[in-house]
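Below: the structure, in structure tokens.
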Amino acid sequence: MGAGHAHPLHLDHDSRVHRLPAEVKIVATLLFTIVVVITPREKFVAFAGYLLLLVGVLVVAKVPPGWLAKRATIELPFVLLAIALPFAGHGERVHWLGMSLSVDGLHGAWNIFAKGTLGVLASLLLAATTTARDLLLGLDRLRCPQVFTQIATFMLRYLDILADDARRMRVARLSRGYDPRFLWQVKAFAVGVGALFIRSYERGERVYLAMVARGYSGRLPRPEGTGATTADWVRSATLPIAAGVIALVAVLA
Amino acid sequence: MNGVAMHIANGIVNAQVSAIFAAIAAAALAICVWRGRADLDDRLAPMAGLVAAFIFAVQMLNFQVLPGVSGHLLGGTLAVVLVGPWVGALCVSTVLIIQCLLFADGGLTALGLNITNMAVVGTAAGYLLVAGLLRVLPKTPRGVAITAFVASVVSVVVASQAFVLEYALGGTTELNLTTIAGTMAAAHVLIGIGEGLIAAVTVATVARVRPDLVYALRRFRKTASPSPKPAVPAPAVGGAA
Amino acid sequence: MTASLTIEDLHFAYPDGREVLHGVDLTVGEGERVALLGPNGAGKTTLVLHINGILHAGSGSGAGTVDVAGLTVNPADRAGIAEIRRRVGIVFQDPDDQLFMPTVAEDVGFGPANLGLKGEELKQRVDEALAAVGMTEHRDQVPHHLSFGQRRRVAVATVLAMRPEILVLDEPSSNLDPASRRELADILRALPVTVLMVTHDLPYALELCPRSVILDGGRIAADGKTADLLGDAHLMRGHRLELPFGFDPAFAAARLPST
Amino acid sequence: MTASLTIEDLHFAYPDGREVLHGVDLTVGEGERVALLGPNGAGKTTLVLHINGILHAGSGSGAGTVDVAGLTVNPADRAGIAEIRRRVGIVFQDPDDQLFMPTVAEDVGFGPANLGLKGEELKQRVDEALAAVGMTEHRDQVPHHLSFGQRRRVAVATVLAMRPEILVLDEPSSNLDPASRRELADILRALPVTVLMVTHDLPYALELCPRSVILDGGRIAADGKTADLLGDAHLMRGHRLELPFGFDPAFAAARLPST
Ligand SMILES: Nc1ncnc2c1ncn2[C@@H]1O[C@H](COP(=O)(O)OP(=O)(O)OP(=O)(O)O)[C@@H](O)[C@H]1O
Ligand SMILES: Nc1ncnc2c1ncn2[C@@H]1O[C@H](COP(=O)(O)OP(=O)(O)OP(=O)(O)O)[C@@H](O)[C@H]1O
Ligand SMILES: [Mg+2]
Ligand SMILES: [Mg+2]
């Protein structure tokens, strides 16, 4: 991970979606997700429409579908929950392949599955096309209170330090004959967690002081550029507006 | 049934209840921002970032608690002990916001629910216990470790019950609430024990090596040995720190 | 000569109770170049970190005053501290403490950007500083993927780019290859600023700093012309300072520029 | 003379694609002391990290073989690697990479404990190693609360305590005060082991290592007697190596022990 620049879900290439300022992407994703969530669950066509919209974004952003599908598996616990619902739900029941299923539960399962999946896909597309730093900059431009962006900046920075220090400690141990198969691994882990925390903290503290020594006052210097233009907003608005139209048509139909 | 990983996804709780809790979370965080500013000095700023990063890292450890039941650590108590309740709540919510936006973990529309459970309820419960326990327990690394352990277990369970409440108000499918409450509580007692152990080890190490960094001990230290440093001027810090 | 830096009766103990400074007094005049010598653990780094308020009485316990260019270091006075930090540039002993941005160029630009520089002017500052330490071709690399010596050079560049009035360097020459070491000396000699340099490299101190101060056990043990101090074998030995192998004081004196 | 270390046609590129080693060949005989010289970024640290398999073809991309005391470094062979790590002790360039335990004594004892030492014997090893670097009184401190030079000394002690057959030191003298530097040289000279030492301190190399190797741009550029290499001004300048200020080769040669 390159010093808070990239993150594991970021796809490092160029596309029209990548180039959009982060703030318009955040707002578009949020509005899209809200439309998805308020759509009544039995409007099946609407959800198909939303999926098509996301496929459109995926094509423009040049995100490989397989890559996205693999990342989407973090939703799995919820899919499992969804599968359980038809069995555990109340009310009217139907019988299918010898199983007694609750109708409300089936609807609930579909609801969680459809809305959950669409939400995860939208968020993944946002993550794939936005670096951590752009995201923070976007939040900053959206007037997110500075404490959050400040804590988040340090958090991303420290994630690197934690990973880096954990790696250094591992190398140091290995070089001195440590064989992680030994049983006292647990003890080493316990000692390690505390030591890692202190060590990373003190390193991070020194880094922070070095930043302060060079005039840091809570805000990273903004890269040149003024943020989103009207054209950017218009372009990104297509997604939530299209979703809104689909929802409206589905409800009215 | 499956013990829900604590990050609620889109579509589990209906839109109205999600909106109500988003408003509650926003109000609570506004208070934290206001109260936390005074705390966020030179020393606490990097600590807050590290606590957030640490919580972020431990939240990635997903525990298989029982067959088919998994959950992960929350970190609220650790945050309270090291950076205090206000900044602690801000740390946990920052983690949740970043996880939601950059790691697609937890639904965007469920952010208010998640923040309420983990950042507000979990942290508040942890804080009350820490404050209470430290009155009676010794202010030593061991005492702080025990405090952190107990407070972690309780706060995790309390936070999990907040989910049950939300589900009762706006669950999209009718389920037997006592079953959910029972399963969630059982699963989270175990999660809480795991979390408590990590929190206890970490806090004990910090208390031994850098006692000055443990927020929960500051109050007691001040009376013991008056520090020459003047109190941080509250308003001046606002923009800068 | 006006004083750039005045330290008076500085005491300091770390939070774990270890007392490190026991009353340090030091005055450095404007434009002077002073070497700060002393054994490992003498408190040199601790002293240096007081100069722009990174360590202060509140970060452990201590007493005494530090004045920089007429301003008193007082951590409670945020505006004053900011002004002092704009005037004093510190190169840390460990380059890993200094570098934190995603690329070398951004890291070097961090300080000047905080000073309000923008656009072309900012870019020029960065380019100049990188050229000075010979790291131009690495400008887009991740700082943590550089070699140790390269990181040290970038660390020096980050401070040069801020054009401070007072330059404080903690072991700047360690891990530099010999040519870079000389180049750094050339750069420092050409800058019209006050320099306080911590070093264990005695010939380097002699070459660059007319005056030296020895810190040992948290107290100033000697203060005088570098050549005189290095020539006093008894004094040197008393503070774990020895001339390195093959160093010939007579040979060196002959080559010393007459500053 | 049997070879302690044989490196053949070693190539290496870091995961980000930067090619660092372009076919390095090096043989070090048993009991030899060899200095590895070269400019910043030449690939010295990268080379050193191959010797006990911390870096290998799999951690980036590369080719070639490294043999240590007759064993071939092969990261897939866990038992072999463990044996090699028991024989080779590496002092890292950055002491922070080396120290990770809560106290100095535990850190120094970590390696010997992994070798199976216990109780009194373990304690004695730790005491000896700490005494050798003069850090006995700091045994119960947190390593990260030491000064940089003190951390360097502890880092050396952690490796000495393992009594390796081959000692690889990456810039061991940087940040050490002059007396510690000399004491380290005395320790190294007294040990009956093979030493490969990376350094930018040319007089130190001359004092300690009869043979030197220059690595530049990922290739061995020269290999010969240290005195000869240092005497070849043209060669030296070509690889950013220059004799430091005040260093008099004639003066040094006269003082060199006749090894
Ligand atoms: N964070 C800390 N906490 C406690 N003690 C410390 C800390 N940092 C340094 N010390 C102690 O303070 C003393 C002085 O350290 P300092 O880093 O100032 O030395 P130094 O003169 O810079 O040495 P070196 O030449 O090795 O860099 C040492 O004895 C060290 O152990
Ligand atoms: N982790 C890394 N990822 C990518 N490139 C790296 C990494 N570490 C080092 N490099 C590059 O490899 C080259 C050689 O680095 P190395 O650390 O081996 O140099 P060195 O000879 O030890 O230099 P120094 O004298 O400064 O310590 C440098 O150009 C550096 O930028
Ligand atoms: Mg120092
Ligand atoms: Mg190196």
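Following the order of the structure tokens, first chain is A, next is B, and so on, with residues numbered from 1 inside each chain and ligands from 1 in the order they appear.
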
Item to check | Contacts of Ala76 (chain D) at 10 Å (only C-alpha atoms; same-chain gap of 3+ positions) as a VMD selection string | outcome: chain D and resid 53 58 73 79 to 81

Kindly compile the residues surrounding ligand 3 within 10 Å, counting only C-alpha atoms and all ligand atoms, and format them as a short mmCIF file (atom, residue, chain, number, x, y, z; two decimals) with C-alpha atoms, in the first residue's frame.
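Saved file part.cif follows:
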data_model
loop_
_atom_site.label_atom_id
_atom_site.label_comp_id
_atom_site.auth_asym_id
_atom_site.auth_seq_id
_atom_site.Cartn_x
_atom_site.Cartn_y
_atom_site.Cartn_z
CA GLY C 38 28.92 14.48 22.20
CA PRO C 39 28.65 10.78 22.94
CA ASN C 40 25.60 8.59 22.25
CA GLY C 41 22.82 9.34 24.67
CA ALA C 42 24.22 12.73 25.67
CA GLY C 43 20.91 14.45 24.94
CA LYS C 44 21.74 16.07 21.60
CA THR C 45 18.56 14.99 19.85
CA THR C 46 16.53 15.91 22.90
CA LEU C 47 18.05 19.38 22.87
CA VAL C 48 17.45 19.82 19.16
CA LEU C 49 13.79 18.90 19.48
CA PHE C 92 15.61 14.63 11.91
CA GLN C 93 18.13 11.96 12.75
CA ASP C 94 15.86 9.25 11.40
CA ASP C 170 20.72 15.93 13.38
CA GLU C 171 23.47 13.74 11.95
CA VAL C 198 24.74 17.46 15.41
CA THR C 199 27.39 15.06 14.23
CA HIS C 200 29.70 12.26 15.22
CA LEU D 146 16.96 4.93 23.51
CA SER D 147 18.93 7.43 21.49
CA PHE D 148 19.61 6.49 17.91
CA GLY D 149 23.21 5.54 18.58
CA GLN D 150 22.21 3.50 21.62
CA ASN D 175 25.35 7.28 14.30
CA LEU D 176 27.89 5.77 16.67
#

Next on the checklist: Neighbouring residues of region 161-173 of chain B were defined as those with any atom within 8 Å, considering only C-alpha atoms; residues of the same chain fewer than 2 positions away were excluded. Please report them as a PyMOL selection string.
Outcome noted: (chain A and resi 85+89+104-105+107-108+111) or (chain B and resi 11-14+16-18+113+117+121+157-159+175+177+180-181+184-185)

Write out as a PDB file with all heavy atoms, in the first residue's frame the residues lying within 12 Å of Asn74 (chain C), counting only C-alpha atoms and excluding same-chain residues fewer than 3 positions away.
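Output saved as selection_33.pdb:
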ATOM      1  N   LYS B 229       2.338  21.585  32.599  1.00  0.00           N
ATOM      2  CA  LYS B 229       1.755  22.067  31.341  1.00  0.00           C
ATOM      3  C   LYS B 229       0.401  22.706  31.597  1.00  0.00           C
ATOM      4  O   LYS B 229      -0.438  22.129  32.275  1.00  0.00           O
ATOM      5  CB  LYS B 229       1.581  20.874  30.414  1.00  0.00           C
ATOM      6  CG  LYS B 229       1.125  21.275  29.029  1.00  0.00           C
ATOM      7  CD  LYS B 229       0.802  20.025  28.229  1.00  0.00           C
ATOM      8  CE  LYS B 229       0.302  20.402  26.857  1.00  0.00           C
ATOM      9  NZ  LYS B 229      -0.118  19.223  26.129  1.00  0.00           N
ATOM     10  N   PRO B 230       0.170  23.886  31.066  1.00  0.00           N
ATOM     11  CA  PRO B 230      -1.136  24.506  31.252  1.00  0.00           C
ATOM     12  C   PRO B 230      -2.183  23.731  30.473  1.00  0.00           C
ATOM     13  O   PRO B 230      -1.883  23.093  29.481  1.00  0.00           O
ATOM     14  CB  PRO B 230      -0.948  25.899  30.661  1.00  0.00           C
ATOM     15  CG  PRO B 230       0.189  25.768  29.711  1.00  0.00           C
ATOM     16  CD  PRO B 230       1.064  24.676  30.235  1.00  0.00           C
TER      17      PRO B 230
ATOM     18  N   HIS C  50      13.904  20.623  21.197  1.00  0.00           N
ATOM     19  CA  HIS C  50      13.337  21.738  21.944  1.00  0.00           C
ATOM     20  C   HIS C  50      13.322  23.019  21.118  1.00  0.00           C
ATOM     21  O   HIS C  50      12.591  23.951  21.441  1.00  0.00           O
ATOM     22  CB  HIS C  50      14.145  21.994  23.221  1.00  0.00           C
ATOM     23  CG  HIS C  50      13.739  21.129  24.369  1.00  0.00           C
ATOM     24  ND1 HIS C  50      14.209  19.848  24.533  1.00  0.00           N
ATOM     25  CD2 HIS C  50      12.882  21.354  25.406  1.00  0.00           C
ATOM     26  CE1 HIS C  50      13.679  19.328  25.632  1.00  0.00           C
ATOM     27  NE2 HIS C  50      12.862  20.219  26.175  1.00  0.00           N
ATOM     28  N   ILE C  51      14.146  23.064  20.089  1.00  0.00           N
ATOM     29  CA  ILE C  51      14.358  24.342  19.416  1.00  0.00           C
ATOM     30  C   ILE C  51      13.112  24.830  18.696  1.00  0.00           C
ATOM     31  O   ILE C  51      12.886  26.018  18.582  1.00  0.00           O
ATOM     32  CB  ILE C  51      15.586  24.258  18.474  1.00  0.00           C
ATOM     33  CG1 ILE C  51      16.827  24.008  19.323  1.00  0.00           C
ATOM     34  CG2 ILE C  51      15.749  25.522  17.651  1.00  0.00           C
ATOM     35  CD1 ILE C  51      18.094  23.864  18.538  1.00  0.00           C
ATOM     36  N   ASN C  52      12.273  23.906  18.202  1.00  0.00           N
ATOM     37  CA  ASN C  52      11.019  24.419  17.644  1.00  0.00           C
ATOM     38  C   ASN C  52       9.807  23.909  18.421  1.00  0.00           C
ATOM     39  O   ASN C  52       8.712  23.816  17.887  1.00  0.00           O
ATOM     40  CB  ASN C  52      10.895  24.124  16.150  1.00  0.00           C
ATOM     41  CG  ASN C  52      10.752  22.656  15.875  1.00  0.00           C
ATOM     42  OD1 ASN C  52      10.810  21.847  16.790  1.00  0.00           O
ATOM     43  ND2 ASN C  52      10.542  22.316  14.622  1.00  0.00           N
ATOM     44  N   GLY C  53      10.041  23.591  19.690  1.00  0.00           N
ATOM     45  CA  GLY C  53       8.899  23.290  20.551  1.00  0.00           C
ATOM     46  C   GLY C  53       8.295  21.922  20.362  1.00  0.00           C
ATOM     47  O   GLY C  53       7.178  21.666  20.796  1.00  0.00           O
ATOM     48  N   ILE C  54       9.001  21.000  19.695  1.00  0.00           N
ATOM     49  CA  ILE C  54       8.454  19.654  19.551  1.00  0.00           C
ATOM     50  C   ILE C  54       8.501  18.946  20.894  1.00  0.00           C
ATOM     51  O   ILE C  54       7.562  18.275  21.292  1.00  0.00           O
ATOM     52  CB  ILE C  54       9.236  18.884  18.477  1.00  0.00           C
ATOM     53  CG1 ILE C  54       8.795  19.395  17.112  1.00  0.00           C
ATOM     54  CG2 ILE C  54       9.019  17.396  18.592  1.00  0.00           C
ATOM     55  CD1 ILE C  54       9.474  18.738  15.975  1.00  0.00           C
ATOM     56  N   LEU C  55       9.585  19.096  21.598  1.00  0.00           N
ATOM     57  CA  LEU C  55       9.609  18.719  23.013  1.00  0.00           C
ATOM     58  C   LEU C  55       9.562  20.023  23.811  1.00  0.00           C
ATOM     59  O   LEU C  55      10.133  21.034  23.417  1.00  0.00           O
ATOM     60  CB  LEU C  55      10.888  17.956  23.360  1.00  0.00           C
ATOM     61  CG  LEU C  55      11.018  16.531  22.830  1.00  0.00           C
ATOM     62  CD1 LEU C  55      12.347  15.940  23.290  1.00  0.00           C
ATOM     63  CD2 LEU C  55       9.876  15.664  23.304  1.00  0.00           C
ATOM     64  N   HIS C  56       8.875  19.970  24.920  1.00  0.00           N
ATOM     65  CA  HIS C  56       8.840  21.138  25.798  1.00  0.00           C
ATOM     66  C   HIS C  56       8.495  20.638  27.187  1.00  0.00           C
ATOM     67  O   HIS C  56       8.195  19.447  27.366  1.00  0.00           O
ATOM     68  CB  HIS C  56       7.832  22.163  25.296  1.00  0.00           C
ATOM     69  CG  HIS C  56       6.489  21.575  24.995  1.00  0.00           C
ATOM     70  ND1 HIS C  56       5.559  21.315  25.955  1.00  0.00           N
ATOM     71  CD2 HIS C  56       5.953  21.136  23.830  1.00  0.00           C
ATOM     72  CE1 HIS C  56       4.487  20.780  25.414  1.00  0.00           C
ATOM     73  NE2 HIS C  56       4.701  20.636  24.101  1.00  0.00           N
ATOM     74  N   ALA C  57       8.538  21.538  28.135  1.00  0.00           N
ATOM     75  CA  ALA C  57       8.315  21.124  29.519  1.00  0.00           C
ATOM     76  C   ALA C  57       7.090  20.219  29.635  1.00  0.00           C
ATOM     77  O   ALA C  57       7.087  19.245  30.371  1.00  0.00           O
ATOM     78  CB  ALA C  57       8.158  22.365  30.391  1.00  0.00           C
ATOM     79  N   GLY C  58       6.033  20.524  28.861  1.00  0.00           N
ATOM     80  CA  GLY C  58       4.795  19.768  28.987  1.00  0.00           C
ATOM     81  C   GLY C  58       4.873  18.353  28.457  1.00  0.00           C
ATOM     82  O   GLY C  58       4.069  17.508  28.816  1.00  0.00           O
ATOM     83  N   ALA C  63      12.233  22.667  32.543  1.00  0.00           N
ATOM     84  CA  ALA C  63      12.226  24.086  32.832  1.00  0.00           C
ATOM     85  C   ALA C  63      13.246  24.751  31.932  1.00  0.00           C
ATOM     86  O   ALA C  63      14.020  24.071  31.261  1.00  0.00           O
ATOM     87  CB  ALA C  63      12.577  24.313  34.301  1.00  0.00           C
ATOM     88  N   GLY C  64      13.253  26.074  31.943  1.00  0.00           N
ATOM     89  CA  GLY C  64      14.205  26.805  31.121  1.00  0.00           C
ATOM     90  C   GLY C  64      13.524  27.453  29.943  1.00  0.00           C
ATOM     91  O   GLY C  64      12.346  27.236  29.686  1.00  0.00           O
ATOM     92  N   THR C  65      14.307  28.289  29.197  1.00  0.00           N
ATOM     93  CA  THR C  65      13.708  28.986  28.069  1.00  0.00           C
ATOM     94  C   THR C  65      14.526  28.780  26.804  1.00  0.00           C
ATOM     95  O   THR C  65      15.734  28.591  26.851  1.00  0.00           O
ATOM     96  CB  THR C  65      13.626  30.508  28.311  1.00  0.00           C
ATOM     97  OG1 THR C  65      14.963  30.980  28.523  1.00  0.00           O
ATOM     98  CG2 THR C  65      12.759  30.829  29.500  1.00  0.00           C
ATOM     99  N   VAL C  66      13.835  28.811  25.686  1.00  0.00           N
ATOM    100  CA  VAL C  66      14.478  28.755  24.373  1.00  0.00           C
ATOM    101  C   VAL C  66      13.967  29.943  23.571  1.00  0.00           C
ATOM    102  O   VAL C  66      12.756  30.121  23.424  1.00  0.00           O
ATOM    103  CB  VAL C  66      14.112  27.446  23.643  1.00  0.00           C
ATOM    104  CG1 VAL C  66      14.757  27.414  22.269  1.00  0.00           C
ATOM    105  CG2 VAL C  66      14.532  26.235  24.456  1.00  0.00           C
ATOM    106  N   ASP C  67      14.885  30.772  23.081  1.00  0.00           N
ATOM    107  CA  ASP C  67      14.497  31.913  22.240  1.00  0.00           C
ATOM    108  C   ASP C  67      15.042  31.707  20.846  1.00  0.00           C
ATOM    109  O   ASP C  67      16.220  31.398  20.678  1.00  0.00           O
ATOM    110  CB  ASP C  67      15.104  33.218  22.770  1.00  0.00           C
ATOM    111  CG  ASP C  67      14.392  33.686  24.014  1.00  0.00           C
ATOM    112  OD1 ASP C  67      13.219  33.326  24.157  1.00  0.00           O
ATOM    113  OD2 ASP C  67      15.016  34.382  24.825  1.00  0.00           O
ATOM    114  N   VAL C  68      14.185  31.869  19.864  1.00  0.00           N
ATOM    115  CA  VAL C  68      14.628  31.722  18.484  1.00  0.00           C
ATOM    116  C   VAL C  68      14.357  33.032  17.767  1.00  0.00           C
ATOM    117  O   VAL C  68      13.209  33.459  17.662  1.00  0.00           O
ATOM    118  CB  VAL C  68      13.863  30.583  17.795  1.00  0.00           C
ATOM    119  CG1 VAL C  68      14.246  30.510  16.338  1.00  0.00           C
ATOM    120  CG2 VAL C  68      14.139  29.273  18.496  1.00  0.00           C
ATOM    121  N   LEU C  71      11.995  35.314  19.350  1.00  0.00           N
ATOM    122  CA  LEU C  71      10.714  34.787  19.814  1.00  0.00           C
ATOM    123  C   LEU C  71      10.955  33.697  20.852  1.00  0.00           C
ATOM    124  O   LEU C  71      11.825  32.855  20.670  1.00  0.00           O
ATOM    125  CB  LEU C  71       9.946  34.172  18.650  1.00  0.00           C
ATOM    126  CG  LEU C  71       9.489  35.134  17.558  1.00  0.00           C
ATOM    127  CD1 LEU C  71       9.046  34.361  16.327  1.00  0.00           C
ATOM    128  CD2 LEU C  71       8.348  35.973  18.099  1.00  0.00           C
ATOM    129  N   ASP C  77       1.350  29.158  22.914  1.00  0.00           N
ATOM    130  CA  ASP C  77       1.134  30.267  21.992  1.00  0.00           C
ATOM    131  C   ASP C  77       1.224  29.736  20.560  1.00  0.00           C
ATOM    132  O   ASP C  77       2.282  29.674  19.958  1.00  0.00           O
ATOM    133  CB  ASP C  77       2.209  31.333  22.271  1.00  0.00           C
ATOM    134  CG  ASP C  77       2.319  32.353  21.154  1.00  0.00           C
ATOM    135  OD1 ASP C  77       1.375  32.440  20.339  1.00  0.00           O
ATOM    136  OD2 ASP C  77       3.345  33.056  21.108  1.00  0.00           O
ATOM    137  N   ARG C  78       0.107  29.346  20.017  1.00  0.00           N
ATOM    138  CA  ARG C  78       0.127  28.638  18.741  1.00  0.00           C
ATOM    139  C   ARG C  78       0.657  29.482  17.600  1.00  0.00           C
ATOM    140  O   ARG C  78       1.370  28.995  16.737  1.00  0.00           O
ATOM    141  CB  ARG C  78      -1.263  28.105  18.406  1.00  0.00           C
ATOM    142  CG  ARG C  78      -1.776  27.135  19.421  1.00  0.00           C
ATOM    143  CD  ARG C  78      -3.033  26.478  18.915  1.00  0.00           C
ATOM    144  NE  ARG C  78      -2.735  25.598  17.815  1.00  0.00           N
ATOM    145  CZ  ARG C  78      -2.587  24.280  17.924  1.00  0.00           C
ATOM    146  NH1 ARG C  78      -2.721  23.711  19.096  1.00  0.00           N
ATOM    147  NH2 ARG C  78      -2.328  23.551  16.881  1.00  0.00           N
ATOM    148  N   ALA C  79       0.306  30.741  17.587  1.00  0.00           N
ATOM    149  CA  ALA C  79       0.771  31.592  16.498  1.00  0.00           C
ATOM    150  C   ALA C  79       2.291  31.741  16.567  1.00  0.00           C
ATOM    151  O   ALA C  79       2.984  31.665  15.550  1.00  0.00           O
ATOM    152  CB  ALA C  79       0.086  32.949  16.582  1.00  0.00           C
ATOM    153  N   GLY C  80       2.796  31.931  17.781  1.00  0.00           N
ATOM    154  CA  GLY C  80       4.236  32.088  17.954  1.00  0.00           C
ATOM    155  C   GLY C  80       4.979  30.841  17.518  1.00  0.00           C
ATOM    156  O   GLY C  80       5.993  30.909  16.806  1.00  0.00           O
ATOM    157  N   ILE C  81       4.468  29.688  17.910  1.00  0.00           N
ATOM    158  CA  ILE C  81       5.100  28.428  17.539  1.00  0.00           C
ATOM    159  C   ILE C  81       5.096  28.259  16.027  1.00  0.00           C
ATOM    160  O   ILE C  81       6.090  27.833  15.435  1.00  0.00           O
ATOM    161  CB  ILE C  81       4.343  27.250  18.220  1.00  0.00           C
ATOM    162  CG1 ILE C  81       4.794  27.104  19.659  1.00  0.00           C
ATOM    163  CG2 ILE C  81       4.536  25.959  17.478  1.00  0.00           C
ATOM    164  CD1 ILE C  81       6.136  26.426  19.799  1.00  0.00           C
ATOM    165  N   ALA C  82       3.993  28.612  15.403  1.00  0.00           N
ATOM    166  CA  ALA C  82       3.919  28.473  13.953  1.00  0.00           C
ATOM    167  C   ALA C  82       4.986  29.348  13.292  1.00  0.00           C
ATOM    168  O   ALA C  82       5.660  28.930  12.354  1.00  0.00           O
ATOM    169  CB  ALA C  82       2.524  28.865  13.457  1.00  0.00           C
ATOM    170  N   GLU C  83       5.155  30.560  13.811  1.00  0.00           N
ATOM    171  CA  GLU C  83       6.158  31.470  13.261  1.00  0.00           C
ATOM    172  C   GLU C  83       7.564  30.892  13.463  1.00  0.00           C
ATOM    173  O   GLU C  83       8.404  30.933  12.564  1.00  0.00           O
ATOM    174  CB  GLU C  83       6.022  32.835  13.943  1.00  0.00           C
ATOM    175  CG  GLU C  83       6.972  33.899  13.453  1.00  0.00           C
ATOM    176  CD  GLU C  83       6.919  34.105  11.947  1.00  0.00           C
ATOM    177  OE1 GLU C  83       5.839  33.889  11.364  1.00  0.00           O
ATOM    178  OE2 GLU C  83       7.969  34.438  11.364  1.00  0.00           O
ATOM    179  N   ILE C  84       7.811  30.330  14.650  1.00  0.00           N
ATOM    180  CA  ILE C  84       9.123  29.755  14.915  1.00  0.00           C
ATOM    181  C   ILE C  84       9.380  28.582  13.975  1.00  0.00           C
ATOM    182  O   ILE C  84      10.470  28.431  13.411  1.00  0.00           O
ATOM    183  CB  ILE C  84       9.224  29.317  16.390  1.00  0.00           C
ATOM    184  CG1 ILE C  84       9.354  30.561  17.259  1.00  0.00           C
ATOM    185  CG2 ILE C  84      10.416  28.388  16.603  1.00  0.00           C
ATOM    186  CD1 ILE C  84       9.285  30.289  18.731  1.00  0.00           C
ATOM    187  N   ARG C  85       8.373  27.769  13.761  1.00  0.00           N
ATOM    188  CA  ARG C  85       8.557  26.598  12.903  1.00  0.00           C
ATOM    189  C   ARG C  85       8.753  26.987  11.447  1.00  0.00           C
ATOM    190  O   ARG C  85       9.303  26.219  10.665  1.00  0.00           O
ATOM    191  CB  ARG C  85       7.361  25.659  13.054  1.00  0.00           C
ATOM    192  CG  ARG C  85       7.411  24.956  14.384  1.00  0.00           C
ATOM    193  CD  ARG C  85       6.271  24.018  14.631  1.00  0.00           C
ATOM    194  NE  ARG C  85       6.452  23.424  15.957  1.00  0.00           N
ATOM    195  CZ  ARG C  85       5.497  22.867  16.665  1.00  0.00           C
ATOM    196  NH1 ARG C  85       4.276  22.806  16.191  1.00  0.00           N
ATOM    197  NH2 ARG C  85       5.746  22.360  17.849  1.00  0.00           N
TER     198      ARG C  85
END

Checklist entry - For chain B, which of D:Gly218, D:Pro143, D:Pro244, D:Pro15 is the closest residue, counting only C-alpha atoms? => result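 The closest residue to chain B is D:Pro143.
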
Next on the checklist: Considering only helix (DSSP H, G or I) as DSSP defines it on the backbone, what residues of region 145-202 of chain C qualify? List them as a list in words.
Outcome noted: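 The helix (DSSP H, G or I) residues within region 145-202 of chain C come out as His145, Phe148, Gly149, Gln150, Arg151, Arg152, Arg153, Val154, Ala155, Val156, Ala157, Thr158, Val159, Leu160, Pro178, Ala179, Ser180, Arg181, Arg182, Glu183, Leu184, Ala185, Asp186, Ile187, Leu188, Arg189, Ala190 and Leu202 of chain C.
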
Next on the checklist: Residues of chain D were defined as contacting chain A if any atom lay at most 8 Å from it, counting only C-alpha atoms; please report them as a PyMOL selection string.
Outcome noted: chain D and resi 52+54+82+85-86+89-90+97-102+110-111+114-115+144+159+162

Checklist outcome for this item: CA of Glu165 (chain D) sits from CA of Val193 (chain D) at a separation of 5.4 Å
